[in-house]
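Engineer: Pasting a structure below so you can have a look.
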Amino acid sequence: MTMGALTSAPATAADAPATAAIATAPRRIIVSIADRRLVVVERDQILAAFPVAVGAPTSPSPVGTFTVINRVANPTYYRPGTVIPPGPRNPIGTRWIGLSQKGYGIHGTDAPSSIGYAQSHGCIRLRNADVERLFEQVRAGDIVELHAELTPDIAPFFAAAP
């Protein structure tokens, strides 16, 4: 859905700020690294939940609050000396959601059996079908919280998630 489809002309000029705030309110993507789960939250309502792979002990996922800075469909994978075009052998799968922490993102995978484990190089991995669904729900500026453990303020989201 494009931003144009989300917004419409307000009934009056006084309605404009409220309408704009509702249409652009950032969503929260909350990851419990310990539980290897991700939830998408908007106005304290769970929109989606997914199992994920997280960073391996030798290359852990960063902990903290970040923002989504870009979204790339069918990304090309780059590593010094290696370029892998989009396709089934691409280790970042079919979608990349870049974070404000340089080099980290939420992405798909060419190894779906890794989901549920601590096996990535620090990024958050989802099955390609799941990351494609997530990709449609997030936008630049959304908040991404990576938590090492469940805290009382986020535990209810994971308890209620399907």
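Naming works like this for the structure tokens: A, B, ... for the chains as they're shown, residue 1 at the start of each chain, ligands 1 onward in shown order.
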Write out as a list in words which residues come within 9 Å of Gly141 in chain A when counting only C-alpha atoms, dropping same-chain ones fewer than 5 positions away.
Structural biologist: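 Answer for this query is Pro26, Arg27, Thr67, Val68, Ile69 and Asn70 of chain A.
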Engineer: DSSP on the backbone: which residues in chain A end up as strand (DSSP E or B)? Give the answer as a ChimeraX atom specification.
Structural biologist: /A:28-32,37-42,45-51,53-56,59,64-73,77-79,82-84,95-99,105-107,118-120,124-125,143-147
Engineer: Find the residues near Val144 in chain A: any atom within 8 Å, counting only C-alpha atoms, skip ones fewer than 3 places away on the same chain, and give them as a PyMOL selection string.
Structural biologist: chain A and resi 28-31+65-68+99
Engineer: If we count only C-alpha atoms, what is near Tyr104 in chain A at a cut-off of 9 Å, once residues fewer than 3 positions away on the same chain are taken out, given as a list in words?
Structural biologist: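 That gives Ser61, Pro62, Ile97, Gly98, Leu99, Ser100, Gln101, His121, Gly122, Cys123 and Ile124 of chain A.
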Engineer: Can you list, as JSON, numbers by chain, every protein, DNA or RNA residue that comes within 10 Å of range 129-138 of chain A when you count only C-alpha atoms, leaving out same-chain residues fewer than 4 positions away?
Structural biologist: {"A": [1, 2, 26, 27, 28, 29, 38, 39, 40, 47, 48, 49, 50, 51, 52, 68, 70, 71, 72, 73, 93, 94, 95, 96, 97, 106, 107, 108, 109, 125, 142, 143]}
Engineer: Out of A:Ala25, A:Gly81, A:Gly64, A:Arg37, which residue has the shortest atom-to-atom distance to Ala155 in chain A when counting only C-alpha atoms?
Structural biologist: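 Among the listed residues, the smallest separation from Ala155 in chain A belongs to A:Arg37.
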Engineer: For a test of reading the model, state the distance in Å between CA of Ala161 in chain A and CA of Val41 in chain A, rounded to one decimal.
Structural biologist: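 Between these atoms lies a distance of 10.3 Å.
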